[in-house]
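Student: My structure is stored as final29.cif, with mmCIF, C-alpha atoms.
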data_input
#
loop_
_atom_site.label_atom_id
_atom_site.label_comp_id
_atom_site.auth_asym_id
_atom_site.auth_seq_id
_atom_site.Cartn_x
_atom_site.Cartn_y
_atom_site.Cartn_z
CA MET A 16 -27.95 63.22 -176.43
CA ILE A 17 -24.95 62.52 -174.20
CA ARG A 18 -22.98 61.57 -177.34
CA HIS A 19 -22.95 65.25 -178.35
CA VAL A 20 -21.23 66.34 -175.13
CA PRO A 21 -17.43 66.56 -175.53
CA LYS A 22 -15.54 63.79 -173.77
CA HIS A 23 -13.41 66.09 -171.66
CA VAL A 24 -16.52 67.81 -170.26
CA LEU A 25 -17.91 64.45 -169.20
CA VAL A 26 -14.63 63.38 -167.61
CA LEU A 27 -14.21 66.62 -165.67
CA THR A 28 -17.84 66.66 -164.55
CA SER A 29 -17.46 63.10 -163.26
CA LEU A 30 -14.26 64.05 -161.45
CA CYS A 31 -15.94 67.03 -159.81
CA ALA A 32 -18.87 64.88 -158.71
CA LEU A 33 -16.48 62.32 -157.28
CA LEU A 34 -14.57 65.03 -155.44
CA ALA A 35 -17.79 66.43 -154.04
CA PHE A 36 -18.67 63.11 -152.44
CA ALA A 37 -15.12 62.21 -151.43
CA THR A 38 -14.22 65.47 -149.68
CA PRO A 39 -14.79 65.25 -145.93
CA SER A 40 -17.17 67.71 -144.38
CA LEU A 41 -15.44 70.87 -143.25
CA THR A 42 -17.20 71.03 -139.91
CA TRP A 43 -15.55 70.57 -136.57
CA THR A 44 -16.77 68.82 -133.51
CA GLN A 45 -17.71 71.03 -130.61
CA SER A 46 -14.84 71.10 -128.19
CA GLY A 47 -13.21 73.54 -125.87
CA THR A 48 -16.11 74.13 -123.52
CA ALA A 49 -15.13 71.56 -120.91
CA ASP A 50 -12.82 72.29 -117.97
CA VAL A 51 -12.74 76.03 -118.34
CA PRO A 52 -12.20 78.04 -115.15
CA GLU A 53 -15.52 79.73 -114.42
CA GLY A 54 -14.08 83.22 -114.52
CA LYS A 55 -13.08 82.78 -118.16
CA THR A 56 -16.57 81.99 -119.44
CA PHE A 57 -19.40 84.44 -119.95
CA GLY A 58 -23.08 83.79 -120.36
CA SER A 59 -25.22 80.74 -119.89
CA LYS A 60 -23.95 77.27 -120.74
CA SER A 61 -27.38 76.53 -122.18
CA ALA A 62 -27.16 79.40 -124.68
CA PRO A 63 -27.91 78.27 -128.27
CA ILE A 64 -24.57 79.57 -129.52
CA THR A 65 -21.14 78.79 -128.08
CA MET A 66 -18.09 80.76 -129.10
CA VAL A 67 -14.66 79.56 -127.99
CA VAL A 68 -11.90 82.12 -128.58
CA TYR A 69 -8.22 81.17 -128.66
CA SER A 70 -6.19 84.33 -128.27
CA ASP A 71 -2.88 85.86 -127.35
CA PHE A 72 -2.90 89.11 -125.34
CA GLN A 73 0.06 90.52 -127.25
CA CYS A 74 -1.29 89.81 -130.74
CA PRO A 75 -2.66 92.91 -132.54
CA SER A 76 -5.38 90.95 -134.37
CA CYS A 77 -6.58 89.55 -131.03
CA ARG A 78 -6.84 93.11 -129.72
CA ASP A 79 -8.79 94.08 -132.85
CA LEU A 80 -11.16 91.14 -132.40
CA TYR A 81 -11.72 92.13 -128.79
CA GLU A 82 -12.17 95.84 -129.48
CA ASN A 83 -14.31 95.39 -132.61
CA ALA A 84 -16.47 92.43 -131.67
CA LEU A 85 -15.99 90.65 -128.35
CA ARG A 86 -16.46 93.70 -126.15
CA GLN A 87 -19.85 94.44 -127.76
CA LEU A 88 -20.74 90.75 -127.71
CA MET A 89 -20.12 90.62 -123.95
CA ASN A 90 -22.49 93.57 -123.50
CA ASP A 91 -25.18 92.39 -125.91
CA TYR A 92 -25.64 88.76 -126.99
CA VAL A 93 -23.96 87.27 -123.90
CA PRO A 94 -26.18 88.90 -121.22
CA ALA A 95 -29.21 88.25 -123.46
CA GLY A 96 -28.53 84.51 -123.09
CA LYS A 97 -27.85 84.01 -126.80
CA VAL A 98 -24.11 83.34 -126.66
CA TYR A 99 -21.90 81.39 -124.27
CA LEU A 100 -18.41 82.87 -124.63
CA VAL A 101 -15.35 80.87 -123.62
CA HIS A 102 -11.86 82.34 -123.47
CA ARG A 103 -8.86 80.10 -124.10
CA ASP A 104 -5.22 81.14 -123.91
CA PHE A 105 -2.98 80.57 -126.88
CA PRO A 106 0.19 82.59 -126.17
CA LEU A 107 2.52 82.45 -129.15
CA PRO A 108 6.25 81.89 -128.51
CA MET A 109 7.08 84.86 -130.78
CA HIS A 110 5.39 87.27 -128.37
CA ARG A 111 7.66 87.97 -125.44
CA TYR A 112 5.07 89.04 -122.86
CA SER A 113 1.95 87.18 -123.92
CA LYS A 114 2.48 84.29 -121.49
CA ILE A 115 2.80 86.54 -118.44
CA ALA A 116 -0.27 88.47 -119.61
CA ALA A 117 -2.20 85.20 -119.85
CA ARG A 118 -1.09 84.33 -116.31
CA TYR A 119 -2.33 87.68 -115.00
CA ALA A 120 -5.65 87.21 -116.79
CA ASP A 121 -6.00 83.70 -115.37
CA ALA A 122 -5.20 85.00 -111.89
CA ALA A 123 -7.87 87.65 -112.37
CA ALA A 124 -10.33 84.95 -113.44
CA ARG A 125 -9.79 83.26 -110.08
CA ILE A 126 -11.17 86.34 -108.30
CA GLY A 127 -13.89 86.98 -110.89
CA LYS A 128 -12.17 89.93 -112.55
CA TYR A 129 -11.19 88.44 -115.91
CA ALA A 130 -13.27 90.87 -117.96
CA GLU A 131 -11.68 93.91 -116.29
CA VAL A 132 -8.13 92.62 -116.72
CA GLU A 133 -8.77 91.48 -120.29
CA ALA A 134 -10.02 94.98 -121.16
CA ALA A 135 -7.02 96.60 -119.42
CA LEU A 136 -4.56 94.36 -121.27
CA TYR A 137 -6.06 94.87 -124.72
CA ASP A 138 -6.76 98.60 -124.26
CA ASN A 139 -3.12 99.21 -123.31
CA GLN A 140 -1.43 96.56 -125.44
CA ALA A 141 0.60 99.10 -127.40
CA ALA A 142 2.08 100.47 -124.15
CA TRP A 143 2.97 97.30 -122.22
CA GLU A 144 4.19 95.27 -125.17
CA VAL A 145 7.24 97.58 -125.31
CA ASP A 146 8.65 96.71 -121.90
CA GLY A 147 6.28 94.14 -120.44
CA ASN A 148 5.15 96.47 -117.68
CA MET A 149 1.47 95.55 -117.64
CA GLN A 150 1.00 95.58 -113.87
CA LYS A 151 0.21 99.29 -113.70
CA PHE A 152 -2.61 98.93 -116.22
CA ILE A 153 -4.02 95.89 -114.44
CA ALA A 154 -3.80 97.70 -111.10
CA ALA A 155 -5.67 100.67 -112.56
CA ALA A 156 -8.57 98.40 -113.50
CA LEU A 157 -8.84 96.83 -110.03
CA THR A 158 -9.09 97.87 -106.40
CA PRO A 159 -5.85 97.70 -104.36
CA ALA A 160 -7.24 94.70 -102.46
CA GLU A 161 -8.01 92.84 -105.70
CA MET A 162 -4.56 93.63 -107.09
CA LYS A 163 -3.00 92.32 -103.87
CA LYS A 164 -4.91 89.06 -104.28
CA ILE A 165 -3.72 88.74 -107.87
CA GLU A 166 -0.10 89.41 -106.94
CA HIS A 167 -0.43 86.75 -104.25
CA LEU A 168 -1.79 84.26 -106.81
CA MET A 169 1.00 85.22 -109.20
CA GLU A 170 3.73 84.14 -106.78
CA GLY A 171 6.09 81.88 -108.68
CA CYS A 172 4.81 83.16 -112.02
CA HIS A 173 7.34 85.92 -112.66
CA GLU A 174 10.20 83.54 -113.33
CA GLY A 175 11.07 83.56 -117.02
CA ASP A 176 9.45 86.95 -117.65
CA ALA A 177 10.80 89.76 -119.76
CA GLY A 178 14.52 89.77 -120.17
CA VAL A 179 15.04 86.31 -118.78
CA ALA A 180 15.99 83.72 -121.33
CA PRO A 181 13.84 80.60 -121.27
CA THR A 182 15.65 77.81 -119.48
CA LYS A 183 13.60 74.88 -120.65
CA MET A 184 10.89 74.67 -123.28
CA VAL A 185 8.26 71.99 -122.96
CA GLY A 186 5.61 71.93 -125.68
CA GLY A 187 6.35 75.53 -126.57
CA THR A 188 6.01 76.81 -123.01
CA GLN A 189 8.43 77.36 -120.17
CA ALA A 190 8.58 74.82 -117.41
CA HIS A 191 8.53 76.23 -113.89
CA GLY A 192 6.29 76.49 -110.89
CA CYS A 193 3.52 78.87 -111.91
CA ALA A 194 0.04 77.76 -110.84
CA PHE A 195 -1.56 78.83 -114.11
CA ASP A 196 0.79 77.21 -116.59
CA ALA A 197 -0.90 73.82 -116.53
CA ALA A 198 -4.20 75.45 -117.54
CA ILE A 199 -2.49 77.50 -120.25
CA ASP A 200 -0.78 74.37 -121.61
CA LYS A 201 -4.15 72.63 -121.62
CA ASP A 202 -5.66 75.50 -123.62
CA ILE A 203 -2.79 75.28 -126.10
CA ALA A 204 -3.26 71.52 -126.44
CA LEU A 205 -6.99 72.03 -127.07
CA GLY A 206 -6.19 74.76 -129.58
CA ASN A 207 -3.85 72.46 -131.45
CA GLN A 208 -6.75 70.06 -131.89
CA VAL A 209 -8.89 72.71 -133.66
CA PRO A 210 -6.21 73.35 -135.11
CA VAL A 211 -5.24 76.92 -134.24
CA ARG A 212 -2.73 78.05 -136.88
CA ALA A 213 -2.88 81.74 -136.04
CA THR A 214 -4.43 83.92 -133.38
CA PRO A 215 -7.15 84.82 -132.86
CA THR A 216 -8.98 81.67 -133.85
CA TYR A 217 -12.57 81.23 -132.71
CA VAL A 218 -14.91 78.29 -133.01
CA ILE A 219 -18.61 79.06 -133.25
CA SER A 220 -20.96 76.20 -132.43
CA CYS A 221 -24.70 76.13 -132.93
CA LYS A 222 -27.27 73.63 -134.20
CA ASN A 223 -24.77 70.78 -133.70
CA GLN A 224 -22.35 72.35 -136.17
CA SER A 225 -19.02 73.96 -135.33
CA TYR A 226 -17.00 76.19 -137.59
CA PRO A 227 -13.63 77.75 -136.85
CA ALA A 228 -12.53 81.10 -138.22
CA THR A 229 -9.35 83.12 -137.91
CA GLY A 230 -8.60 86.81 -137.65
CA ARG A 231 -10.49 89.84 -136.53
CA VAL A 232 -14.11 90.33 -137.48
CA SER A 233 -16.44 93.26 -137.06
CA TYR A 234 -19.37 92.93 -134.69
CA ALA A 235 -21.88 93.67 -137.46
CA ILE A 236 -20.69 90.67 -139.48
CA LEU A 237 -20.53 88.45 -136.41
CA LYS A 238 -24.13 89.38 -135.55
CA GLN A 239 -25.21 88.62 -139.13
CA TYR A 240 -23.52 85.24 -138.82
CA PHE A 241 -25.40 84.47 -135.59
CA ASP A 242 -28.72 85.67 -137.03
CA GLU A 243 -28.35 83.82 -140.35
CA VAL A 244 -26.61 80.59 -139.40
CA CYS A 245 -27.69 80.05 -135.80
CA LYS A 246 -31.28 81.33 -136.00
CA MET N 9 9.15 72.08 -186.21
CA ASN N 10 6.41 73.01 -188.63
CA GLU N 11 3.42 75.25 -188.09
CA SER N 12 0.99 72.37 -187.55
CA PHE N 13 3.21 71.00 -184.76
CA TRP N 14 3.03 74.31 -182.87
CA SER N 15 -0.62 74.65 -183.63
CA SER N 16 -1.32 71.23 -182.17
CA ARG N 17 0.84 71.99 -179.10
CA SER N 18 -0.90 75.30 -178.45
CA ARG N 19 -4.33 73.69 -178.86
CA THR N 20 -3.40 71.04 -176.29
CA PHE N 21 -2.07 73.69 -173.90
CA LEU N 22 -5.21 75.78 -174.26
CA LEU N 23 -7.42 72.77 -173.63
CA LEU N 24 -5.49 71.53 -170.59
CA GLY N 25 -5.06 75.04 -169.17
CA ARG N 26 -8.75 75.80 -169.60
CA LEU N 27 -9.79 72.51 -167.96
CA ALA N 28 -7.38 73.04 -165.05
CA LEU N 29 -8.81 76.51 -164.45
CA ALA N 30 -12.35 75.14 -164.73
CA ALA N 31 -11.55 72.49 -162.12
CA VAL N 32 -10.05 75.08 -159.77
CA PHE N 33 -13.04 77.43 -160.04
CA LEU N 34 -15.55 74.61 -159.68
CA TYR N 35 -13.79 73.21 -156.61
CA ALA N 36 -13.45 76.68 -155.06
CA ALA N 37 -17.19 77.24 -155.57
CA TYR N 38 -18.06 73.81 -154.20
CA ALA N 39 -15.89 74.28 -151.07
CA LYS N 40 -17.60 77.59 -150.33
CA LEU N 41 -21.16 76.60 -151.20
CA ARG N 42 -21.16 73.63 -148.84
CA GLN N 43 -20.51 76.02 -145.92
CA PRO N 44 -22.84 78.78 -144.69
CA ALA N 45 -22.25 81.93 -146.75
CA MET N 46 -21.74 83.92 -143.56
CA LEU N 47 -18.78 81.72 -142.61
CA PHE N 48 -17.14 82.92 -145.81
CA ALA N 49 -18.17 86.45 -144.79
CA LEU N 50 -16.12 86.10 -141.58
CA THR N 51 -13.06 85.30 -143.71
CA ILE N 52 -13.70 88.16 -146.15
CA ASP N 53 -14.13 90.58 -143.25
CA SER N 54 -10.81 89.49 -141.76
CA TYR N 55 -9.07 90.94 -144.86
CA GLN N 56 -10.18 94.38 -143.55
CA LEU N 57 -10.91 95.68 -147.02
CA LEU N 58 -14.65 95.96 -147.61
CA PRO N 59 -17.52 97.69 -145.79
CA VAL N 60 -20.04 95.47 -143.99
CA TRP N 61 -22.67 95.57 -146.76
CA ALA N 62 -20.08 94.60 -149.38
CA VAL N 63 -18.70 91.77 -147.23
CA SER N 64 -22.13 90.18 -147.03
CA LEU N 65 -22.83 90.75 -150.74
CA VAL N 66 -19.52 89.21 -151.85
CA ALA N 67 -19.94 86.25 -149.47
CA HIS N 68 -23.34 85.45 -150.98
CA THR N 69 -22.49 86.01 -154.65
CA LEU N 70 -18.83 85.13 -155.20
CA PRO N 71 -19.21 81.33 -154.86
CA TRP N 72 -22.01 81.34 -157.46
CA SER N 73 -19.91 83.50 -159.77
CA GLU N 74 -17.05 81.03 -159.41
CA LEU N 75 -19.45 78.20 -160.24
CA GLY N 76 -20.68 79.98 -163.36
CA LEU N 77 -17.17 80.82 -164.46
CA GLY N 78 -16.02 77.25 -163.87
CA LEU N 79 -18.86 75.89 -166.00
CA LEU N 80 -18.16 78.36 -168.81
CA LEU N 81 -14.46 77.44 -168.75
CA LEU N 82 -15.45 73.80 -168.86
CA LEU N 83 -17.57 74.40 -171.95
CA GLY N 84 -14.89 76.63 -173.45
CA TRP N 85 -17.30 79.07 -174.98
CA PRO N 86 -16.94 82.01 -175.33
CA LEU N 87 -13.29 81.48 -174.42
CA ARG N 88 -11.82 84.94 -174.89
CA PRO N 89 -14.15 86.90 -172.55
CA VAL N 90 -14.37 84.03 -170.05
CA ALA N 91 -10.60 83.60 -169.85
CA THR N 92 -10.19 87.38 -169.52
CA LEU N 93 -12.74 87.45 -166.69
CA ALA N 94 -11.01 84.53 -164.94
CA SER N 95 -7.68 86.36 -165.20
CA LEU N 96 -9.18 89.55 -163.79
CA ILE N 97 -10.77 87.71 -160.87
CA LEU N 98 -7.53 85.85 -160.10
CA LEU N 99 -5.62 89.13 -160.35
CA VAL N 100 -7.94 90.71 -157.77
CA PHE N 101 -7.63 87.66 -155.47
CA PHE N 102 -3.86 87.71 -155.76
CA GLY N 103 -3.65 91.46 -155.13
CA VAL N 104 -5.86 91.21 -152.05
CA MET N 105 -3.82 88.31 -150.70
CA VAL N 106 -0.49 90.07 -151.26
CA ARG N 107 -1.85 93.17 -149.50
CA ALA N 108 -3.03 91.13 -146.49
CA TYR N 109 0.29 89.27 -146.31
CA ALA N 110 2.28 92.50 -146.55
CA LYS N 111 0.18 93.97 -143.73
CA GLY N 112 1.07 90.96 -141.58
CA LEU N 113 -2.53 89.78 -141.19
CA GLU N 114 -2.62 86.23 -139.86
CA ILE N 115 -5.87 85.11 -141.41
CA ASP N 116 -7.47 82.33 -143.37
CA CYS N 117 -6.98 82.50 -147.13
CA GLY N 118 -10.63 81.61 -147.74
CA CYS N 119 -9.67 80.32 -151.20
CA PHE N 120 -11.12 76.83 -150.84
CA GLY N 121 -13.29 77.15 -147.75
CA PRO N 122 -12.13 77.69 -144.16
CA GLY N 123 -9.07 76.29 -142.40
CA GLU N 124 -6.25 77.29 -144.74
CA GLN N 125 -3.95 80.00 -143.48
CA LEU N 126 -2.75 82.73 -145.81
CA GLY N 127 0.99 82.36 -146.36
CA VAL N 128 3.77 81.95 -148.89
CA LYS N 129 2.35 78.62 -150.05
CA THR N 130 -1.09 80.06 -150.84
CA LEU N 131 0.50 83.08 -152.53
CA LEU N 132 2.65 80.86 -154.75
CA ARG N 133 -0.35 78.72 -155.64
CA ASP N 134 -2.57 81.68 -156.50
CA GLY N 135 0.28 83.37 -158.37
CA SER N 136 0.75 80.22 -160.46
CA LEU N 137 -2.97 80.05 -161.19
CA LEU N 138 -2.92 83.69 -162.26
CA ALA N 139 0.04 82.98 -164.58
CA LEU N 140 -1.78 80.00 -166.07
CA SER N 141 -4.95 82.01 -166.56
CA LEU N 142 -3.04 84.83 -168.25
CA ALA N 143 -1.32 82.31 -170.54
CA VAL N 144 -4.69 80.78 -171.48
CA THR N 145 -6.15 84.24 -172.11
CA ILE N 146 -3.22 85.29 -174.30
CA GLY N 147 -3.37 81.92 -176.06
CA ALA N 148 -7.08 82.35 -176.76
CA PHE N 149 -6.49 85.77 -178.35
CA LEU N 150 -3.45 84.60 -180.36
CA ARG N 151 -5.34 81.59 -181.67
CA ARG N 152 -8.10 83.78 -183.03
CA ARG N 153 -5.62 86.24 -184.53
CA SER N 154 -3.52 83.56 -186.20
CA ARG N 155 -6.68 82.00 -187.58
CA GLY N 156 -7.62 85.38 -189.03
CA ILE N 157 -4.19 85.86 -190.63
CA LEU N 158 -4.26 82.37 -192.10
CA VAL N 159 -7.66 82.93 -193.58
CA SER N 160 -6.81 86.34 -195.07
CA SER N 161 -3.40 85.25 -196.43
CA ALA N 162 -4.68 82.07 -198.00
CA PRO N 163 -4.42 82.10 -201.83
CA GLU N 164 -7.69 82.74 -203.55
CA PRO N 165 -9.03 79.73 -205.41
CA GLN N 166 -8.39 79.97 -209.14
CA ARG N 167 -11.40 80.60 -211.30
CA ALA N 168 -12.30 77.91 -213.68
CA GLU N 169 -11.68 79.07 -217.24
#
Using structure tokens, write down the structure that the file contains.
Tutor:
Amino acid sequence: MIRHVPKHVLVLTSLCALLAFATPSLTWTQSGTADVPEGKTFGSKSAPITMVVYSDFQCPSCRDLYENALRQLMNDYVPAGKVYLVHRDFPLPMHRYSKIAARYADAAARIGKYAEVEAALYDNQAAWEVDGNMQKFIAAALTPAEMKKIEHLMEGCHEGDAGVAPTKMVGGTQAHGCAFDAAIDKDIALGNQVPVRATPTYVISCKNQSYPATGRVSYAILKQYFDEVCK
Amino acid sequence: MNESFWSSRSRTFLLLGRLALAAVFLYAAYAKLRQPAMLFALTIDSYQLLPVWAVSLVAHTLPWSELGLGLLLLLGWPLRPVATLASLILLVFFGVMVRAYAKGLEIDCGCFGPGEQLGVKTLLRDGSLLALSLAVTIGAFLRRRSRGILVSSAPEPQRAE
């Protein structure tokens, strides 16, 4: 019977079969959950689903992801113990103020106020991305005492901010004495392993499988993903 | 350059073009079907084009459609409608990608599974595939037409006296 099948069909079918076996699996190993400052993680470590988000506070798609999915996730699946959410910084060099925003968010994480500052930064992104003046929005989300603590932690972190030309670039980031830069560089290095090619990139891990995805997503689709793939 | 030379050339082009398109559709289907359908849904949703119900529907059905189309292209029958359908699908893909790129969306292409960012390279590749598919479609129609003309213009056999 096989003699009646055209030769080219047989050849192409064999090639496809070979390709199917030869192509490596497009799954990623679970990474990015170790060595995260506690204030930047939400939910229980033992949750069945882990979601690691690499984002840039000045990127519009990152804001969309936060506003359309992550905010609801942090109020729904995270407190329910279903999702362990990990935030990682991935400030892009093309965004002038994203690094300083990441430093403020990391400082806020130190005093347990990451969620408040993250919301303030994303909610007012359109305003502060013009001139880099994000402090007033952060201050509005915190008490004066909390803001004072953050400003104290941010000492040495304002060098190389808006309007100041970078003096030295090491691995895409500026080298100076800010306490949070080492952690940010570590996040970037971890992101490059994923690899993060654009922000936001998020890696969802469940049932010993990890899949990365890029761009904004609506909460309804994200929930369907969790319910269908991670059930 | 006689007619049979061109006829042979066009037949070879049609065959190779059809097989290349079949391989592309089959590989695209394979790359998507080996991942959870909802992972593809995340990529479709990032294009910010379809409502939630349509995102899920497309994510679950498109890979199977690509598989079917790839198999039909492989068999080469019926070539005209199948090549037309392939061209239409590639035209839609290309249009959606150009729109996303023009809007500045930094997202995955989703063409052959996850992990490939939408950019100039992916646009050039999909544009080339669209051009190939259109050429195969036009070739399939011209082949039929020329066959028809040849048949109708052929001299009638002389009756035996």
Student: Take the PyMOL selection byres ((chain A and resi 68-81) around 9), apply it to the structure above, and return the hits as an NGL selection string.
Tutor: (:A and (66-67 or 82-87 or 100-107 or 110-114 or 116-117 or 133-134 or 136-138 or 140-141 or 143-144 or 202-203 or 206 or 211 or 213-219 or 230-234)) or (:N and (113-114))
Student: Quick one, how far is CA of Ala91 (chain N) from CA of Leu142 (chain N)?
Tutor: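 Interatomic distance here is 7.8 Å.
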Student: If you apply the PyMOL selection byres ((chain N) within 6 of (chain A)) to this file, what residues do you get, as a PyMOL selection string?
Tutor: chain N and resi 46+53-54+114-116
Student: Could you tell me which residues the PyMOL selection byres ((chain N and resi 79) around 10) grabs in this file, written as a list in words?
Tutor: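 Applied to this file, the PyMOL selection byres ((chain N and resi 79) around 10) returns Val24 and Thr28 of chain A; Leu27, Ala30, Ala31, Phe33, Leu34, Ser73, Glu74, Leu75, Gly76, Leu77, Gly78, Leu80, Leu81, Leu82, Leu83, Gly84 and Trp85 of chain N.
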Student: When you draw a straight line from CA of Val145 (chain A) to CA of Tyr119 (chain A), how long is it in Å?
Tutor: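 Straight-line distance from CA of Val145 (chain A) to CA of Tyr119 (chain A) works out to 17.2 Å.
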Student: Considering all atoms listed in the file, can you say which of N:Gly103, N:Pro44, N:Pro89, N:Gly147 comes closest to Pro122 (chain N)?
Tutor: N:Pro44
Student: What is the distance between CA of Gly54 (chain A) and CA of Tyr129 (chain A), in Å to one decimal?
Tutor: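 These two atoms are separated by 6.1 Å.
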Student: Which residues are near Ala67 (chain N)? Cut-off 10 Å, only C-alpha atoms, ignore same chain within fewer than 3 positions. Put them as a list in words.
Tutor: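 In the requested form, the answer reads Lys40, Leu41, Pro44, Ala45, Met46, Leu47, Phe48, Ala49, Leu50, Thr51, Ile52, Asp53, Ala62, Val63, Ser64, Leu70, Pro71 and Trp72 of chain N.
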Student: Using only C-alpha atoms, which residues sit within 10 Å of Asp134 (chain N) once same-chain residues fewer than 3 positions away are excluded, as a list in words?
Tutor: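 Answer for this query is Leu98, Leu99, Phe101, Phe102, Gly103, Met105, Cys119, Val128, Lys129, Thr130, Leu131, Leu137, Leu138, Ala139 and Leu140 of chain N.
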Student: Tell me which protein, DNA and RNA residues are within 12 Å of Phe57 (chain A), counting only C-alpha atoms, leaving out same-chain ones fewer than 5 positions away, and put them as a ChimeraX atom specification.
Tutor: /A:48,51-52,62,64-68,85-86,88-102,124,127-130
Student: Kindly provide, as a list in words, the polymer residues lying within 12 Å of (-0.8, 82.4, -172.2), counting all atoms listed in the file and using the coordinates exactly as they appear in the file.
Tutor: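 Nearby residues: Ser18, Arg19, Phe21, Leu22, Leu23, Leu24, Gly25, Arg26, Arg88, Ala91, Thr92, Ser95, Leu137, Leu138, Ala139, Leu140, Ser141, Leu142, Ala143, Val144, Thr145, Ile146, Gly147, Ala148, Phe149, Leu150 and Arg151 of chain N.
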